[in-house]
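This is start_30.txt. It holds compact mmCIF, C-alpha atoms.
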# COMPACT_ATOMS: atom_id res chain seq x y z
CA MET G 205 127.37 92.54 115.27
CA PHE G 206 123.60 92.16 115.12
CA PHE G 207 123.40 94.92 112.50
CA ASN G 208 125.99 93.19 110.29
CA TRP G 209 124.20 89.86 110.64
CA SER G 210 120.86 91.44 109.75
CA ARG G 211 122.36 93.23 106.77
CA GLY G 212 123.84 90.02 105.45
CA PHE G 213 120.64 88.10 106.04
CA PHE G 214 118.39 90.54 104.22
CA ALA G 215 120.83 90.91 101.34
CA ASN G 216 119.75 87.42 100.30
CA PRO G 217 116.36 86.67 98.71
CA LEU G 218 113.56 87.40 101.16
CA VAL G 219 112.16 83.88 100.89
CA SER G 220 113.55 80.74 99.36
CA GLY G 221 111.62 77.54 99.01
CA MET G 222 114.54 75.48 97.66
CA ASP G 223 116.91 73.33 99.66
CA GLY G 224 120.58 73.88 99.09
CA LYS G 225 122.49 76.92 98.01
CA GLU G 226 123.75 75.26 94.85
CA ASP G 227 120.21 74.71 93.56
CA ILE G 228 119.30 78.31 94.32
CA ASN G 229 122.38 79.66 92.54
CA ALA G 230 121.83 77.37 89.54
CA ARG G 231 118.24 78.49 89.20
CA ARG G 232 119.22 82.13 89.48
CA GLN G 233 121.97 81.79 86.87
CA GLU G 234 119.61 80.03 84.49
CA ARG G 235 117.02 82.78 84.83
CA GLU G 236 119.60 85.55 84.48
CA LYS G 237 120.91 83.98 81.27
CA LEU G 238 117.38 83.60 79.92
CA ALA G 239 116.60 87.22 80.80
CA LEU G 240 119.76 88.46 79.05
CA ASP G 241 118.88 86.48 75.93
CA TYR G 242 115.37 87.94 75.93
CA ILE G 243 116.69 91.48 76.50
CA VAL G 244 119.00 91.23 73.48
CA LYS G 245 116.07 90.06 71.33
CA CYS G 246 113.88 92.88 72.65
CA LYS G 247 116.46 95.58 71.95
CA ASN G 248 117.06 94.25 68.45
CA SER G 249 113.40 93.76 67.65
CA SER G 250 112.30 95.64 64.56
CA ALA G 251 109.02 97.49 64.28
CA ARG G 252 106.30 94.88 63.96
CA LYS G 253 102.55 95.09 64.42
CA LEU G 254 101.41 93.94 67.83
CA GLN G 255 97.78 92.94 67.45
CA ASN G 256 97.68 89.15 67.38
CA ARG G 257 95.59 87.99 70.33
CA ILE G 258 97.14 84.72 71.47
CA THR G 259 94.92 84.03 74.47
CA SER G 260 92.03 85.41 76.47
CA TRP G 261 90.94 84.70 80.03
CA ASP G 262 87.56 85.18 81.70
CA THR G 263 88.63 86.17 85.21
CA LYS G 264 85.05 86.09 86.58
CA PHE G 265 85.65 89.47 88.21
CA GLU G 266 82.34 91.20 88.86
CA ASN G 267 83.80 94.73 88.83
CA GLY G 268 86.38 94.44 86.07
CA THR G 269 90.14 94.03 86.07
CA LYS G 270 92.07 96.63 88.05
CA ALA G 271 95.66 95.44 87.49
CA ALA G 272 97.50 92.61 85.75
CA LEU G 273 101.01 91.18 85.73
CA MET G 274 102.86 88.57 83.65
CA GLN G 275 105.46 86.40 85.34
CA PRO G 276 108.84 86.62 83.56
CA PHE G 277 109.80 82.93 83.35
CA SER G 278 106.54 81.01 83.24
CA PRO G 279 103.27 81.35 81.29
CA VAL G 280 101.40 82.75 84.29
CA VAL G 281 99.23 85.86 84.49
CA ILE G 282 98.15 87.49 87.75
CA ALA G 283 95.10 89.76 87.85
CA CYS G 284 93.06 91.52 90.51
CA ASP G 285 89.83 93.51 90.75
CA GLU G 286 88.49 96.49 92.69
CA ASN G 287 87.53 94.20 95.59
CA GLU G 288 91.17 93.04 95.89
CA MET G 289 90.40 89.51 94.76
CA ILE G 290 93.53 88.02 93.18
CA ARG G 291 93.47 85.27 90.56
CA ILE G 292 96.42 83.45 88.99
CA TRP G 293 96.09 81.76 85.61
CA ASN G 294 98.33 79.47 83.56
CA CYS G 295 97.98 80.71 79.98
CA GLU G 296 99.64 77.71 78.36
CA GLU G 297 97.36 75.17 80.04
CA ALA G 298 94.36 77.52 80.29
CA THR G 299 93.87 76.62 83.94
CA LEU G 300 93.15 78.65 87.06
CA LEU G 301 95.95 78.08 89.57
CA ASN G 302 94.72 79.97 92.61
CA THR G 303 92.23 82.54 93.91
CA PHE G 304 92.48 84.45 97.17
CA SER G 305 91.54 87.75 98.78
CA ASN G 306 94.30 90.27 99.51
CA HIS G 307 92.74 91.15 102.87
CA ASP G 308 89.54 91.08 104.91
CA HIS G 309 88.47 94.64 104.12
CA PRO G 310 88.33 94.74 100.31
CA ASP G 311 86.98 98.26 99.95
CA LYS G 312 90.06 100.15 98.80
CA GLY G 313 91.05 98.56 95.49
CA VAL G 314 94.49 97.56 94.20
CA SER G 315 96.89 100.18 92.87
CA LYS G 316 99.80 98.01 91.68
CA LEU G 317 101.05 94.44 91.35
CA CYS G 318 104.83 93.81 91.43
CA LEU G 319 107.11 90.80 91.58
CA VAL G 320 109.91 90.75 94.16
CA ASN G 321 112.88 88.36 93.75
CA GLU G 322 111.97 87.53 90.16
CA PHE G 323 115.28 85.65 89.67
CA ASP G 324 114.81 83.56 92.82
CA GLU G 325 111.62 82.51 94.58
CA GLU G 326 109.12 85.12 93.43
CA LEU G 327 107.06 87.06 95.91
CA LEU G 328 103.91 88.91 94.92
CA LEU G 329 103.70 92.50 96.15
CA VAL G 330 100.16 93.86 96.23
CA ALA G 331 99.79 97.61 96.79
CA SER G 332 96.31 98.76 97.79
CA SER G 333 94.93 102.16 96.90
CA ASP G 334 95.07 103.15 100.58
CA GLY G 335 98.86 102.65 100.55
CA ASN G 336 98.92 99.34 102.40
CA ILE G 337 101.47 96.83 101.11
CA ARG G 338 101.10 93.06 101.37
CA ILE G 339 103.66 90.55 100.14
CA TRP G 340 102.70 86.94 99.44
CA LYS G 341 104.64 83.75 98.80
CA ASP G 342 103.42 80.49 97.26
CA TYR G 343 100.67 82.56 95.68
CA ALA G 344 100.40 80.35 92.58
CA SER G 345 99.69 77.16 94.57
CA LEU G 346 96.04 76.44 95.25
CA GLY G 347 95.19 77.41 98.81
CA GLN G 348 98.86 77.59 99.82
CA GLN G 349 99.39 81.37 99.67
CA LYS G 350 101.09 82.80 102.77
CA LEU G 351 101.36 86.43 103.84
CA VAL G 352 105.05 87.26 104.31
CA THR G 353 104.67 90.82 105.55
CA ALA G 354 102.34 93.81 105.51
CA PHE G 355 102.81 97.49 106.28
CA SER G 356 101.49 100.95 105.39
CA SER G 357 103.64 102.78 102.85
CA ILE G 358 101.80 106.10 103.23
CA GLN G 359 102.35 108.49 106.11
CA GLY G 360 101.08 112.02 106.64
CA GLN G 361 97.76 111.84 104.81
CA THR G 362 96.17 115.26 104.27
CA PRO G 363 93.36 115.86 106.81
CA GLY G 364 89.90 115.73 105.28
CA VAL G 365 90.99 113.78 102.20
CA PRO G 366 88.77 110.67 102.05
CA SER G 367 91.07 108.56 99.83
CA VAL G 368 94.84 108.32 99.48
CA ASN G 369 94.75 107.13 95.83
CA ALA G 370 98.20 105.63 96.29
CA VAL G 371 100.65 105.25 93.41
CA VAL G 372 103.44 102.73 93.97
CA ASP G 373 106.41 101.23 92.13
CA TRP G 374 109.20 98.81 93.05
CA GLN G 375 112.87 99.25 92.11
CA PRO G 376 114.83 95.97 92.28
CA GLN G 377 118.28 97.57 91.85
CA SER G 378 118.03 99.67 94.98
CA GLY G 379 115.61 97.44 96.89
CA TYR G 380 113.38 100.48 97.34
CA LEU G 381 109.62 100.76 97.14
CA PHE G 382 108.42 104.25 96.19
CA SER G 383 104.92 105.35 97.18
CA SER G 384 102.83 108.50 97.20
CA GLY G 385 99.28 109.73 96.81
CA GLU G 386 97.21 112.45 98.45
CA ILE G 387 100.20 113.40 100.61
CA SER G 388 102.96 116.00 100.42
CA SER G 389 105.86 113.69 99.55
CA ILE G 390 107.06 110.57 97.75
CA MET G 391 108.21 107.99 100.28
CA ALA G 392 111.15 105.65 99.67
CA TRP G 393 111.10 102.41 101.65
CA ASP G 394 113.88 99.88 102.04
CA LEU G 395 111.76 96.80 101.49
CA ASN G 396 114.22 94.40 103.10
CA LYS G 397 114.14 96.36 106.34
CA GLU G 398 110.59 97.69 105.95
CA GLN G 399 112.12 101.02 106.89
CA LEU G 400 111.45 104.50 105.54
CA VAL G 401 114.79 105.76 104.20
CA ASN G 402 113.84 108.98 102.42
CA ARG G 403 111.09 111.47 101.64
CA ILE G 404 110.93 113.47 98.43
CA PRO G 405 109.02 116.70 99.09
CA LEU G 406 106.37 117.66 96.54
CA PRO G 407 105.25 121.19 95.60
CA ASN G 408 102.34 122.60 97.56
CA GLU G 409 98.90 121.75 96.19
CA SER G 410 100.38 119.20 93.79
CA ARG G 411 98.39 115.99 93.34
CA ILE G 412 100.47 113.11 92.10
CA SER G 413 98.67 110.81 89.65
CA ALA G 414 101.39 108.53 88.19
CA LEU G 415 104.70 107.12 89.37
CA ALA G 416 107.45 105.06 87.71
CA VAL G 417 110.95 104.03 88.77
CA SER G 418 114.00 103.68 86.56
CA GLN G 419 115.02 100.10 85.80
CA ALA G 420 118.54 101.29 84.93
CA GLN G 421 119.40 103.88 87.61
CA GLY G 422 118.80 103.02 91.26
CA GLY G 423 117.22 105.94 93.10
CA GLU G 424 115.58 107.63 90.10
CA VAL G 425 111.81 108.05 90.03
CA ALA G 426 109.50 109.91 87.62
CA ALA G 427 106.20 111.42 88.74
CA GLY G 428 103.21 112.73 86.81
CA PHE G 429 100.70 115.14 88.31
CA ALA G 430 97.05 116.09 87.90
CA ASP G 431 98.01 119.59 86.68
CA GLY G 432 100.01 118.18 83.75
CA TYR G 433 103.47 118.50 85.31
CA VAL G 434 106.12 115.79 84.99
CA ARG G 435 109.01 115.75 87.46
CA LEU G 436 112.15 113.64 87.61
CA TYR G 437 113.67 112.93 91.03
CA ASP G 438 116.87 111.26 92.19
CA ILE G 439 117.28 110.52 95.89
CA ARG G 440 121.06 110.23 95.43
CA ILE G 441 121.47 113.98 94.96
CA PRO G 442 120.90 116.60 97.70
CA THR G 443 118.14 118.56 95.94
CA MET G 444 116.38 115.33 94.80
CA LEU G 445 114.56 117.23 92.04
CA VAL G 446 116.44 116.75 88.75
CA ASN G 447 114.06 118.77 86.60
CA GLU G 448 110.40 119.51 85.91
CA THR G 449 108.20 120.56 83.01
CA ARG G 450 104.52 121.15 82.41
CA ALA G 451 104.25 118.64 79.61
CA HIS G 452 100.47 118.64 79.24
CA THR G 453 98.46 121.85 78.98
CA GLN G 454 95.20 120.82 77.34
CA ARG G 455 91.89 120.66 79.19
CA ASN G 456 92.21 117.04 80.37
CA LYS G 457 95.85 117.40 81.39
CA ARG G 458 95.96 114.87 84.24
CA VAL G 459 98.93 112.52 83.76
CA VAL G 460 97.59 108.98 83.46
CA GLY G 461 100.92 107.22 83.04
CA VAL G 462 104.63 107.95 83.02
CA GLY G 463 107.65 105.77 82.33
CA PHE G 464 111.35 105.73 81.50
CA GLN G 465 112.17 105.13 77.87
CA PRO G 466 113.68 101.75 77.00
CA GLY G 467 117.41 101.87 76.39
CA GLY G 468 118.63 102.96 79.80
CA GLU G 469 118.80 106.70 79.15
CA PRO G 470 118.16 108.11 82.63
CA THR G 471 116.64 111.47 81.62
CA LYS G 472 114.30 110.38 78.81
CA LEU G 473 110.69 109.94 79.86
CA ILE G 474 107.34 109.14 78.26
CA SER G 475 104.21 110.73 79.67
CA ALA G 476 100.55 110.31 78.70
CA SER G 477 97.65 112.55 79.70
CA GLN G 478 93.96 111.88 80.06
CA GLY G 479 93.45 114.21 77.09
CA GLY G 480 95.02 111.62 74.77
CA ASP G 481 98.48 113.00 73.99
CA ILE G 482 101.75 111.14 74.64
CA GLN G 483 104.85 113.28 75.18
CA PHE G 484 108.45 112.17 74.76
CA LEU G 485 110.61 114.20 77.13
CA ASP G 486 114.32 114.70 77.64
CA MET G 487 114.54 116.17 81.12
CA ARG G 488 117.93 117.72 80.30
CA HIS G 489 116.20 119.98 77.75
CA ILE G 490 112.75 120.91 78.97
CA THR G 491 111.80 123.80 76.71
CA CYS G 492 109.50 121.45 74.82
CA SER G 493 108.79 117.80 74.12
CA TYR G 494 110.89 116.40 71.28
CA LEU G 495 108.05 114.15 70.11
CA ILE G 496 104.28 114.34 70.62
CA ILE G 497 101.77 111.68 69.61
CA ASP G 498 98.06 112.53 69.47
CA ALA G 499 97.24 108.96 70.35
CA ILE G 500 93.63 108.93 71.54
CA ARG G 501 90.76 111.20 70.59
CA ASP G 502 88.63 110.35 73.60
CA SER G 503 89.84 109.83 77.15
CA LEU G 504 93.18 108.00 77.54
CA THR G 505 92.97 105.55 80.44
CA ALA G 506 96.21 103.52 80.50
CA LEU G 507 99.86 103.62 79.40
CA ALA G 508 102.44 100.84 79.23
CA VAL G 509 106.14 101.25 78.40
CA HIS G 510 108.24 98.16 77.71
CA ARG G 511 111.36 97.73 79.87
CA HIS G 512 113.67 96.89 76.96
CA ALA G 513 111.88 96.80 73.58
CA PRO G 514 111.31 100.12 71.74
CA ILE G 515 107.55 99.94 72.11
CA ILE G 516 104.73 101.58 74.08
CA ALA G 517 100.97 101.07 74.28
CA CYS G 518 98.00 103.11 75.44
CA GLY G 519 94.32 102.37 76.03
CA SER G 520 91.16 104.44 75.81
CA ALA G 521 87.74 104.77 77.40
CA LYS G 522 86.25 103.21 74.25
CA LYS G 523 88.23 99.98 74.49
CA LEU G 524 90.78 101.00 71.91
CA ILE G 525 94.44 100.01 72.31
CA LYS G 526 97.16 101.65 70.22
CA VAL G 527 100.79 100.55 69.98
CA PHE G 528 103.70 102.79 68.89
CA ASN G 529 107.46 102.62 68.52
CA LEU G 530 109.77 105.26 69.98
CA GLU G 531 109.69 107.26 66.74
CA GLY G 532 105.93 107.67 67.05
CA ASP G 533 105.05 105.21 64.27
CA ALA G 534 101.88 103.19 64.81
CA LEU G 535 102.52 99.45 65.21
CA GLY G 536 98.93 98.39 65.57
CA THR G 537 95.45 99.33 66.67
CA ILE G 538 93.47 96.84 68.70
CA GLN G 539 89.74 97.11 69.17
CA TYR G 540 89.57 95.40 72.54
CA TYR G 541 86.58 93.03 72.53
CA PRO G 542 85.79 90.56 75.29
CA THR G 543 85.18 86.99 74.23
CA PHE G 544 81.81 87.07 75.91
CA MET G 545 79.52 89.13 73.70
CA ALA G 546 76.92 89.76 76.40
CA GLN G 547 79.29 92.11 78.17
CA LYS G 548 79.11 95.83 77.53
CA THR G 549 81.91 97.84 75.99
CA ARG G 550 83.93 99.49 78.77
CA ALA G 551 87.19 101.34 79.23
CA VAL G 552 90.63 99.75 79.08
CA SER G 553 91.66 99.74 82.75
CA CYS G 554 95.18 98.28 82.67
CA LEU G 555 97.99 97.53 80.24
CA THR G 556 101.24 95.77 81.04
CA PHE G 557 104.10 94.38 78.97
CA HIS G 558 105.95 91.18 79.71
CA PRO G 559 109.27 92.28 81.29
CA TYR G 560 111.46 90.40 78.81
CA ARG G 561 109.30 89.53 75.81
CA VAL G 562 107.15 91.46 73.35
CA LEU G 563 103.82 90.45 74.86
CA LEU G 564 101.08 92.82 75.99
CA ALA G 565 98.39 92.01 78.56
CA ALA G 566 95.23 94.13 78.57
CA GLY G 567 92.36 94.29 81.00
CA ALA G 568 89.19 96.36 80.99
CA ASN G 569 86.27 97.18 83.25
CA ASP G 570 84.88 93.73 82.51
CA ALA G 571 86.03 90.21 83.31
CA CYS G 572 88.29 89.61 80.32
CA VAL G 573 92.11 89.75 80.20
CA SER G 574 93.72 89.30 76.78
CA ILE G 575 97.35 88.86 75.73
CA TYR G 576 98.68 90.13 72.41
CA ALA G 577 101.84 89.37 70.43
CA ASP G 578 103.19 90.04 66.96
CA GLU G 579 103.33 87.46 64.21
CA MET G 580 106.94 86.51 65.02
CA THR G 581 106.75 85.99 68.78
CA PRO G 582 106.00 82.41 69.91
CA PRO G 583 103.19 82.18 72.50
CA TRP G 584 105.40 81.07 75.42
Output the file's structure in the form of structure tokens.
Amino acid sequence: MFFNWSRGFFANPLVSGMDGKEDINARRQEREKLALDYIVKCKNSSARKLQNRITSWDTKFENGTKAALMQPFSPVVIACDENEMIRIWNCEEATLLNTFSNHDHPDKGVSKLCLVNEFDEELLLVASSDGNIRIWKDYASLGQQKLVTAFSSIQGQTPGVPSVNAVVDWQPQSGYLFSSGEISSIMAWDLNKEQLVNRIPLPNESRISALAVSQAQGGEVAAGFADGYVRLYDIRIPTMLVNETRAHTQRNKRVVGVGFQPGGEPTKLISASQGGDIQFLDMRHITCSYLIIDAIRDSLTALAVHRHAPIIACGSAKKLIKVFNLEGDALGTIQYYPTFMAQKTRAVSCLTFHPYRVLLAAGANDACVSIYADEMTPPW
């Protein structure tokens, strides 16, 4: 009886700040309809240049921007730095909403920012580079942020390895959080129960460097490795490994970013290496990549793949951002400049697309976060 009650309880949104079930359902339905409308527009969007900077924000971070995130249904951007200081900004009103520290020992850095319950009362999931997970509510209200839960998502760290270098991603369909790093497996956590439900074993001596979950198929996760390998896993099948290929073979072959292609095809991946090449892979046919883009001549530092629109972006160590469609055609080149000319030119450290609109947020190893759109997309 207790198990059934718990299961029913945690099947609902983790936290709700609204009174009355009718209000909650109405809000959820409104957001779902808005998301569906946006998704249709994204899928039908034609190739347009994405280089119109619509806003820029001085985060005041001393050590640059480590990660950024755009909220899906409000003009709010969340950013954090290496010291795990989190700042939330309203782009439309150009106002700072809140600032707080993720924890009292800010010496690990942030690996990933994710939103949980994006159709209900959003929670902010902050994954630290040491594998610790913290989930916050009311994070956009000045001084009102509350820690909902915290736990370590990494177990079995290799002895003698000083840093875990965790890579993390959240899959709403399954309710699973996938995490890995300097360990011998990818760990799948049921976030509602905060319970480890599966381990995906990794090859010996493999160092995972990038991780992405499918937004269409619950249980699928793609992983990129420091030796240039890309592997597709599915925890729903006994072997878990769907397929693997050594996509990158050049000198700087470390996989910087990996993602599932927009369109819901479960075996089509996009992978980018530090050497500057972007590979389009169909994991059903792994003899070779079916499309290769020589995107960056110097070191590639970041990759972003849109959830629904046929568009990707990458950033370089020389503050260059390039945008492509899924046919490999260039849709724009952005020379990323901060608005504060006294700052030095540094590498692009993070790129992220809006989940339902054609907007790109970019951060670098300075204090500036900029948002780009095409000529047709309204600001908010």
Please identify all polymer residues within 9 Å of stretch 422-435 of chain G, counting only C-alpha atoms, omitting same-chain residues fewer than 2 positions from it, and present them as a PyMOL selection string. chain G and resi 373+375-380+382+392+410-420+437-440+445-454+456-464+470+473+475-477+487
Export of prior selection with C-alpha atoms as a PDB file, in the frame of the given file:
ATOM      1  CA  ASP G 373     106.410 101.230  92.130  1.00  0.00           C
ATOM      2  CA  GLN G 375     112.870  99.250  92.110  1.00  0.00           C
ATOM      3  CA  PRO G 376     114.830  95.970  92.280  1.00  0.00           C
ATOM      4  CA  GLN G 377     118.280  97.570  91.850  1.00  0.00           C
ATOM      5  CA  SER G 378     118.030  99.670  94.980  1.00  0.00           C
ATOM      6  CA  GLY G 379     115.610  97.440  96.890  1.00  0.00           C
ATOM      7  CA  TYR G 380     113.380 100.480  97.340  1.00  0.00           C
ATOM      8  CA  PHE G 382     108.420 104.250  96.190  1.00  0.00           C
ATOM      9  CA  ALA G 392     111.150 105.650  99.670  1.00  0.00           C
ATOM     10  CA  SER G 410     100.380 119.200  93.790  1.00  0.00           C
ATOM     11  CA  ARG G 411      98.390 115.990  93.340  1.00  0.00           C
ATOM     12  CA  ILE G 412     100.470 113.110  92.100  1.00  0.00           C
ATOM     13  CA  SER G 413      98.670 110.810  89.650  1.00  0.00           C
ATOM     14  CA  ALA G 414     101.390 108.530  88.190  1.00  0.00           C
ATOM     15  CA  LEU G 415     104.700 107.120  89.370  1.00  0.00           C
ATOM     16  CA  ALA G 416     107.450 105.060  87.710  1.00  0.00           C
ATOM     17  CA  VAL G 417     110.950 104.030  88.770  1.00  0.00           C
ATOM     18  CA  SER G 418     114.000 103.680  86.560  1.00  0.00           C
ATOM     19  CA  GLN G 419     115.020 100.100  85.800  1.00  0.00           C
ATOM     20  CA  ALA G 420     118.540 101.290  84.930  1.00  0.00           C
ATOM     21  CA  TYR G 437     113.670 112.930  91.030  1.00  0.00           C
ATOM     22  CA  ASP G 438     116.870 111.260  92.190  1.00  0.00           C
ATOM     23  CA  ILE G 439     117.280 110.520  95.890  1.00  0.00           C
ATOM     24  CA  ARG G 440     121.060 110.230  95.430  1.00  0.00           C
ATOM     25  CA  LEU G 445     114.560 117.230  92.040  1.00  0.00           C
ATOM     26  CA  VAL G 446     116.440 116.750  88.750  1.00  0.00           C
ATOM     27  CA  ASN G 447     114.060 118.770  86.600  1.00  0.00           C
ATOM     28  CA  GLU G 448     110.400 119.510  85.910  1.00  0.00           C
ATOM     29  CA  THR G 449     108.200 120.560  83.010  1.00  0.00           C
ATOM     30  CA  ARG G 450     104.520 121.150  82.410  1.00  0.00           C
ATOM     31  CA  ALA G 451     104.250 118.640  79.610  1.00  0.00           C
ATOM     32  CA  HIS G 452     100.470 118.640  79.240  1.00  0.00           C
ATOM     33  CA  THR G 453      98.460 121.850  78.980  1.00  0.00           C
ATOM     34  CA  GLN G 454      95.200 120.820  77.340  1.00  0.00           C
ATOM     35  CA  ASN G 456      92.210 117.040  80.370  1.00  0.00           C
ATOM     36  CA  LYS G 457      95.850 117.400  81.390  1.00  0.00           C
ATOM     37  CA  ARG G 458      95.960 114.870  84.240  1.00  0.00           C
ATOM     38  CA  VAL G 459      98.930 112.520  83.760  1.00  0.00           C
ATOM     39  CA  VAL G 460      97.590 108.980  83.460  1.00  0.00           C
ATOM     40  CA  GLY G 461     100.920 107.220  83.040  1.00  0.00           C
ATOM     41  CA  VAL G 462     104.630 107.950  83.020  1.00  0.00           C
ATOM     42  CA  GLY G 463     107.650 105.770  82.330  1.00  0.00           C
ATOM     43  CA  PHE G 464     111.350 105.730  81.500  1.00  0.00           C
ATOM     44  CA  PRO G 470     118.160 108.110  82.630  1.00  0.00           C
ATOM     45  CA  LEU G 473     110.690 109.940  79.860  1.00  0.00           C
ATOM     46  CA  SER G 475     104.210 110.730  79.670  1.00  0.00           C
ATOM     47  CA  ALA G 476     100.550 110.310  78.700  1.00  0.00           C
ATOM     48  CA  SER G 477      97.650 112.550  79.700  1.00  0.00           C
ATOM     49  CA  MET G 487     114.540 116.170  81.120  1.00  0.00           C
TER      50      MET G 487
END
Padding 3 Å on every side, please: axis-aligned box over the listed atoms of stretch 443-452 of chain G, centre and edge lengths to one decimal in Å, as JSON.
{"center_x": 109.3, "center_y": 118.2, "center_z": 87.6, "size_x": 23.7, "size_y": 11.8, "size_z": 22.7}
Mind pulling up the distance from atom CA of G:His510 to atom CA of G:Lys247? 10.4 Å
Spatial sel., origin (106.4, 110.5, 74.6), limit 8 Å, all atoms listed in the file, listed as an MDAnalysis selection string: chainID G and resid 473:476 482:485 493 495:497 530
Hey, what's within 12 Å of stretch 267-271 of chain G if we count only C-alpha atoms and toss same-chain stuff fewer than 2 positions away? As a short mmCIF file (atom, residue, chain, number, x, y, z; two decimals) with C-alpha atoms, in the frame of the given file, please?
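Okay, this is what ended up in part_12.cif:
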data_model
loop_
_atom_site.label_atom_id
_atom_site.label_comp_id
_atom_site.auth_asym_id
_atom_site.auth_seq_id
_atom_site.Cartn_x
_atom_site.Cartn_y
_atom_site.Cartn_z
CA TRP G 261 90.94 84.70 80.03
CA ASP G 262 87.56 85.18 81.70
CA THR G 263 88.63 86.17 85.21
CA LYS G 264 85.05 86.09 86.58
CA PHE G 265 85.65 89.47 88.21
CA LEU G 273 101.01 91.18 85.73
CA MET G 274 102.86 88.57 83.65
CA VAL G 281 99.23 85.86 84.49
CA ILE G 282 98.15 87.49 87.75
CA ALA G 283 95.10 89.76 87.85
CA CYS G 284 93.06 91.52 90.51
CA ASP G 285 89.83 93.51 90.75
CA GLU G 286 88.49 96.49 92.69
CA ASN G 287 87.53 94.20 95.59
CA GLU G 288 91.17 93.04 95.89
CA MET G 289 90.40 89.51 94.76
CA ILE G 290 93.53 88.02 93.18
CA ARG G 291 93.47 85.27 90.56
CA LYS G 312 90.06 100.15 98.80
CA GLY G 313 91.05 98.56 95.49
CA VAL G 314 94.49 97.56 94.20
CA SER G 315 96.89 100.18 92.87
CA LYS G 316 99.80 98.01 91.68
CA LEU G 317 101.05 94.44 91.35
CA CYS G 318 104.83 93.81 91.43
CA VAL G 330 100.16 93.86 96.23
CA ALA G 331 99.79 97.61 96.79
CA SER G 332 96.31 98.76 97.79
CA SER G 333 94.93 102.16 96.90
CA THR G 505 92.97 105.55 80.44
CA ALA G 506 96.21 103.52 80.50
CA ALA G 508 102.44 100.84 79.23
CA PRO G 542 85.79 90.56 75.29
CA GLN G 547 79.29 92.11 78.17
CA LYS G 548 79.11 95.83 77.53
CA THR G 549 81.91 97.84 75.99
CA ARG G 550 83.93 99.49 78.77
CA ALA G 551 87.19 101.34 79.23
CA VAL G 552 90.63 99.75 79.08
CA SER G 553 91.66 99.74 82.75
CA CYS G 554 95.18 98.28 82.67
CA LEU G 555 97.99 97.53 80.24
CA THR G 556 101.24 95.77 81.04
CA ALA G 565 98.39 92.01 78.56
CA ALA G 566 95.23 94.13 78.57
CA GLY G 567 92.36 94.29 81.00
CA ALA G 568 89.19 96.36 80.99
CA ASN G 569 86.27 97.18 83.25
CA ASP G 570 84.88 93.73 82.51
CA ALA G 571 86.03 90.21 83.31
CA CYS G 572 88.29 89.61 80.32
CA VAL G 573 92.11 89.75 80.20
CA SER G 574 93.72 89.30 76.78
#
Polymer residues at most 6 Å from stretch 294-296 of chain G, only C-alpha atoms, same-chain spacing of 3 or more positions, as a list in words: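 In the requested form, the answer reads Pro279, Val280 and Thr299 of chain G.
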Atom CA of G:Pro405 to atom CA of G:Met444, distance in Å rounded to a single decimal: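 Answer for the atom CA of G:Pro405 to atom CA of G:Met444 separation: 8.6 Å.
Nearest residue to G:Ala354 among G:Leu395, G:Ile490, G:Met580, G:Ile390 is G:Leu395, counting only C-alpha atoms.
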Between atom CA of G:Leu328 and atom CA of G:Glu398, what is the distance, to one decimal in Å? 15.6 Å
